[in-house]
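What follows is the content of start-v8.csv (CSV, C-alpha atoms).
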```csv
chain,number,residue,atom,x,y,z
N,4,MET,CA,-14.5,-15.0,-18.1
N,5,SER,CA,-10.9,-13.8,-17.5
N,6,ARG,CA,-9.2,-12.0,-20.3
N,7,THR,CA,-5.5,-11.5,-21.0
N,8,ILE,CA,-4.0,-8.0,-21.3
N,9,PHE,CA,-3.7,-8.7,-25.1
N,10,GLN,CA,-7.4,-9.5,-25.4
N,11,LEU,CA,-8.2,-6.4,-23.5
N,12,VAL,CA,-6.0,-4.3,-25.8
N,13,GLU,CA,-7.8,-5.7,-28.8
N,14,LEU,CA,-11.1,-4.9,-27.1
N,15,VAL,CA,-10.2,-1.3,-26.6
N,16,GLY,CA,-8.9,-0.8,-30.1
N,17,GLY,CA,-5.8,-2.7,-30.8
N,18,TRP,CA,-2.3,-1.4,-31.4
N,19,GLY,CA,-3.1,1.0,-34.2
N,20,GLU,CA,-0.8,3.4,-36.0
N,21,ARG,CA,-2.3,6.6,-34.7
N,22,LEU,CA,-1.0,8.3,-31.6
N,23,ARG,CA,-3.2,7.3,-28.7
N,24,LEU,CA,-4.0,9.7,-26.0
N,25,PHE,CA,-5.7,8.9,-22.7
N,26,PHE,CA,-7.8,11.8,-21.3
N,27,SER,CA,-8.0,11.6,-17.5
N,28,HIS,CA,-10.6,13.7,-15.7
N,29,GLY,CA,-13.1,13.7,-12.9
N,30,GLY,CA,-16.7,12.5,-13.3
N,31,ASP,CA,-18.1,16.0,-12.8
N,32,ASP,CA,-16.0,17.2,-15.7
N,33,THR,CA,-17.2,14.6,-18.2
N,34,TYR,CA,-19.6,16.9,-20.2
N,35,VAL,CA,-17.0,19.6,-20.8
N,36,VAL,CA,-14.3,17.1,-21.6
N,37,GLU,CA,-16.5,15.0,-23.9
N,38,HIS,CA,-18.2,17.8,-25.8
N,39,PHE,CA,-15.6,20.6,-25.9
N,40,LEU,CA,-12.1,19.4,-25.2
N,41,LYS,CA,-12.0,15.9,-26.7
N,42,PRO,CA,-13.2,17.1,-30.1
N,43,LYS,CA,-10.4,19.6,-30.3
N,44,VAL,CA,-7.8,17.0,-29.4
N,45,GLU,CA,-9.2,14.7,-32.1
N,46,THR,CA,-8.8,17.5,-34.7
N,47,ALA,CA,-5.0,17.1,-34.1
N,48,GLY,CA,-5.3,13.6,-35.4
N,49,ALA,CA,-4.9,11.6,-32.2
N,50,THR,CA,-7.0,8.7,-31.1
N,51,VAL,CA,-8.5,9.7,-27.8
N,52,PHE,CA,-9.7,7.4,-25.0
N,53,LEU,CA,-12.3,8.8,-22.7
N,54,ASP,CA,-13.9,6.4,-20.3
N,55,ALA,CA,-17.3,8.0,-20.7
N,56,GLY,CA,-19.3,5.9,-23.2
N,57,GLN,CA,-16.5,3.4,-23.8
N,58,ILE,CA,-16.8,1.3,-20.6
N,59,GLN,CA,-20.2,-0.4,-20.3
N,60,TYR,CA,-22.1,-1.6,-17.2
N,61,GLY,CA,-20.6,-4.9,-16.1
N,62,ASP,CA,-17.2,-4.3,-17.8
N,63,ASP,CA,-14.2,-4.6,-15.5
N,64,PHE,CA,-13.4,-0.9,-15.2
N,65,ARG,CA,-9.9,-1.5,-13.7
N,66,GLN,CA,-8.8,-3.9,-16.4
N,67,MET,CA,-10.2,-1.7,-19.2
N,68,ILE,CA,-8.4,1.4,-17.8
N,69,LEU,CA,-5.1,-0.5,-17.4
N,70,ALA,CA,-5.4,-1.9,-20.9
N,71,GLU,CA,-5.9,1.5,-22.4
N,72,LEU,CA,-3.1,3.0,-20.4
N,73,THR,CA,-0.8,0.3,-21.8
N,74,GLN,CA,-1.6,1.6,-25.3
N,75,CYS,CA,-1.4,5.3,-24.8
N,76,GLU,CA,1.5,7.4,-25.8
N,77,GLU,CA,0.3,10.5,-23.9
N,78,LEU,CA,-1.8,11.2,-20.9
N,79,LEU,CA,-3.8,14.5,-20.8
N,80,VAL,CA,-5.0,15.0,-17.3
N,81,LEU,CA,-7.5,17.7,-16.3
N,82,PHE,CA,-7.0,18.8,-12.7
N,83,THR,CA,-10.1,20.4,-11.3
N,84,ARG,CA,-11.4,20.5,-7.8
N,85,SER,CA,-13.6,17.5,-8.8
N,86,SER,CA,-10.9,15.4,-10.4
N,87,LEU,CA,-8.5,15.9,-7.5
N,88,ARG,CA,-11.0,14.0,-5.3
N,89,ARG,CA,-11.1,11.1,-7.7
N,90,PRO,CA,-8.5,8.5,-6.8
N,91,TRP,CA,-8.3,7.1,-10.3
N,92,VAL,CA,-6.9,10.3,-11.7
N,93,LEU,CA,-3.8,10.1,-9.6
N,94,ALA,CA,-3.6,6.3,-10.3
N,95,GLU,CA,-3.7,7.0,-14.0
N,96,VAL,CA,-0.9,9.6,-13.6
N,97,GLY,CA,1.2,7.1,-11.6
N,98,ALA,CA,0.7,4.3,-14.2
N,99,THR,CA,1.8,6.7,-17.0
N,100,LEU,CA,4.8,7.8,-15.0
N,101,ILE,CA,5.9,4.2,-14.6
N,102,ARG,CA,5.7,3.7,-18.3
N,103,ASN,CA,7.7,6.9,-18.9
N,104,LYS,CA,5.2,8.4,-21.3
N,105,ARG,CA,4.3,12.0,-21.8
N,106,ILE,CA,2.0,13.6,-19.3
N,107,VAL,CA,0.3,16.9,-20.0
N,108,ALA,CA,-1.3,18.3,-16.8
N,109,MET,CA,-4.0,20.9,-17.4
N,110,THR,CA,-5.5,22.8,-14.6
N,111,TYR,CA,-8.8,24.6,-14.3
N,112,GLY,CA,-9.7,25.9,-10.8
N,113,PRO,CA,-7.0,24.7,-8.5
N,114,THR,CA,-4.0,27.1,-8.2
N,115,GLU,CA,-0.4,26.0,-8.6
N,116,ALA,CA,0.0,26.5,-4.8
N,117,GLU,CA,-2.9,24.2,-4.1
N,118,LEU,CA,-1.5,21.5,-6.4
N,119,GLN,CA,1.9,21.9,-4.7
N,120,GLU,CA,0.2,21.5,-1.3
N,121,LEU,CA,-1.5,18.3,-2.4
N,122,GLY,CA,1.7,16.9,-3.7
N,123,VAL,CA,0.5,16.8,-7.3
N,124,LEU,CA,3.4,19.0,-8.6
N,125,SER,CA,5.9,16.8,-6.9
N,126,LEU,CA,4.3,13.7,-8.5
N,127,LEU,CA,4.6,15.4,-11.9
N,128,GLY,CA,8.2,16.5,-11.4
N,129,THR,CA,9.4,19.2,-13.7
N,130,LYS,CA,6.4,19.1,-16.0
N,131,SER,CA,4.8,22.5,-16.6
N,132,LEU,CA,1.1,23.0,-16.1
N,133,LEU,CA,-1.2,23.8,-19.0
N,134,ARG,CA,-3.9,26.3,-18.3
N,135,LEU,CA,-7.3,25.7,-19.9
N,136,GLU,CA,-7.1,29.1,-21.6
N,137,ASP,CA,-3.9,27.9,-23.4
N,138,PHE,CA,-5.5,24.7,-24.6
N,139,ASP,CA,-5.4,25.6,-28.3
N,140,SER,CA,-1.6,25.9,-28.1
N,141,TYR,CA,-1.5,22.4,-26.7
N,142,VAL,CA,-3.6,21.1,-29.6
N,143,ASN,CA,-1.1,22.7,-32.1
N,144,GLN,CA,1.8,21.1,-30.3
N,145,LEU,CA,-0.1,17.7,-30.2
N,146,GLN,CA,-0.7,18.0,-34.0
N,147,ALA,CA,3.1,18.3,-34.6
N,148,ARG,CA,3.7,15.2,-32.4
N,149,VAL,CA,1.0,13.3,-34.3
N,150,ARG,CA,2.6,14.2,-37.6
N,151,ALA,CA,6.0,13.0,-36.3
N,152,HIS,CA,4.4,9.8,-34.9
N,153,ASN,CA,2.8,9.0,-38.3
N,154,ASN,CA,6.1,9.5,-40.1
N,155,VAL,CA,7.9,7.0,-38.0
```
Using structure tokens, write down the structure from this file.
Amino acid sequence: MSRTIFQLVELVGGWGERLRLFFSHGGDDTYVVEHFLKPKVETAGATVFLDAGQIQYGDDFRQMILAELTQCEELLVLFTRSSLRRPWVLAEVGATLIRNKRIVAMTYGPTEAELQELGVLSLLGTKSLLRLEDFDSYVNQLQARVRAHNNV
């Protein structure tokens, strides 16, 4: 059965009032993202999409990801040596760039020079990199954006 983009948006949660954040990561990083980083982001008040556990066997992965990216206001992408080998991570960055939404790039492992060599920094433009050890500062900034979003 073919679904429209609007049906898929409803399936992944609708166009709610809360700020929606898409968390992009590599499969090898799922445990850390799901159990340590995502809960911290949720304390800021954002609704977080993480493909782990939200896409079931038989679901159209591509359609579900694109539908969720259509809804998100912010992309948080974790660049690790694992995620840099995952084509979908860069596809998610590209889709978010086209929509002109906020991209926060966090790095753990790869150096800035390595990201430059791979062309990732060029893709991100002037966006600064968030180091994992500065994650709490990001959560505080996100909390301020969530408050501003809710007052609109």
Near region 27-43 of chain N, counting all atoms listed in the file, which residues have an atom at most 6 Å away, once you skip same-chain residues fewer than 5 positions from it, shown as a PDB file with C-alpha atoms, in the coordinates of the input?
```pdb
ATOM      1  CA  VAL N  80      -5.000  15.000 -17.300  1.00  0.00           C
ATOM      2  CA  LEU N  81      -7.500  17.700 -16.300  1.00  0.00           C
ATOM      3  CA  SER N  85     -13.600  17.500  -8.800  1.00  0.00           C
ATOM      4  CA  SER N  86     -10.900  15.400 -10.400  1.00  0.00           C
TER       5      SER N  86
END
```
Separation of CA of Ser140 (chain N) from CA of Val51 (chain N), in Å and rounded to one decimal: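 If I compute the distance from CA of Ser140 (chain N) to CA of Val51 (chain N), I get 17.6 Å.
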Let me make sure I understand: among N:Arg84, N:Arg134, N:Arg150, N:Arg89, which one has the smallest atom-to-atom distance to Leu118 (chain N) if we use all atoms listed in the file?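 Closest candidate: N:Arg84.
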Which of these residues is nearest to Ile68 (chain N), using all atoms listed in the file: N:Ala49, N:Asn103, N:Val44, N:Phe26?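 Using all atoms listed in the file, Ile68 (chain N) sits closest to N:Phe26.
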Distance criterion (all atoms listed in the file): nearest to Thr73 (chain N) out of N:Asp54, N:Arg23, N:Tyr111, N:Ala116: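 So, comparing all the options, the nearest one is N:Arg23.
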Just give me the gap between CA of Ala147 (chain N) and CA of Leu22 (chain N) in Å, one decimal is fine. 11.2 Å
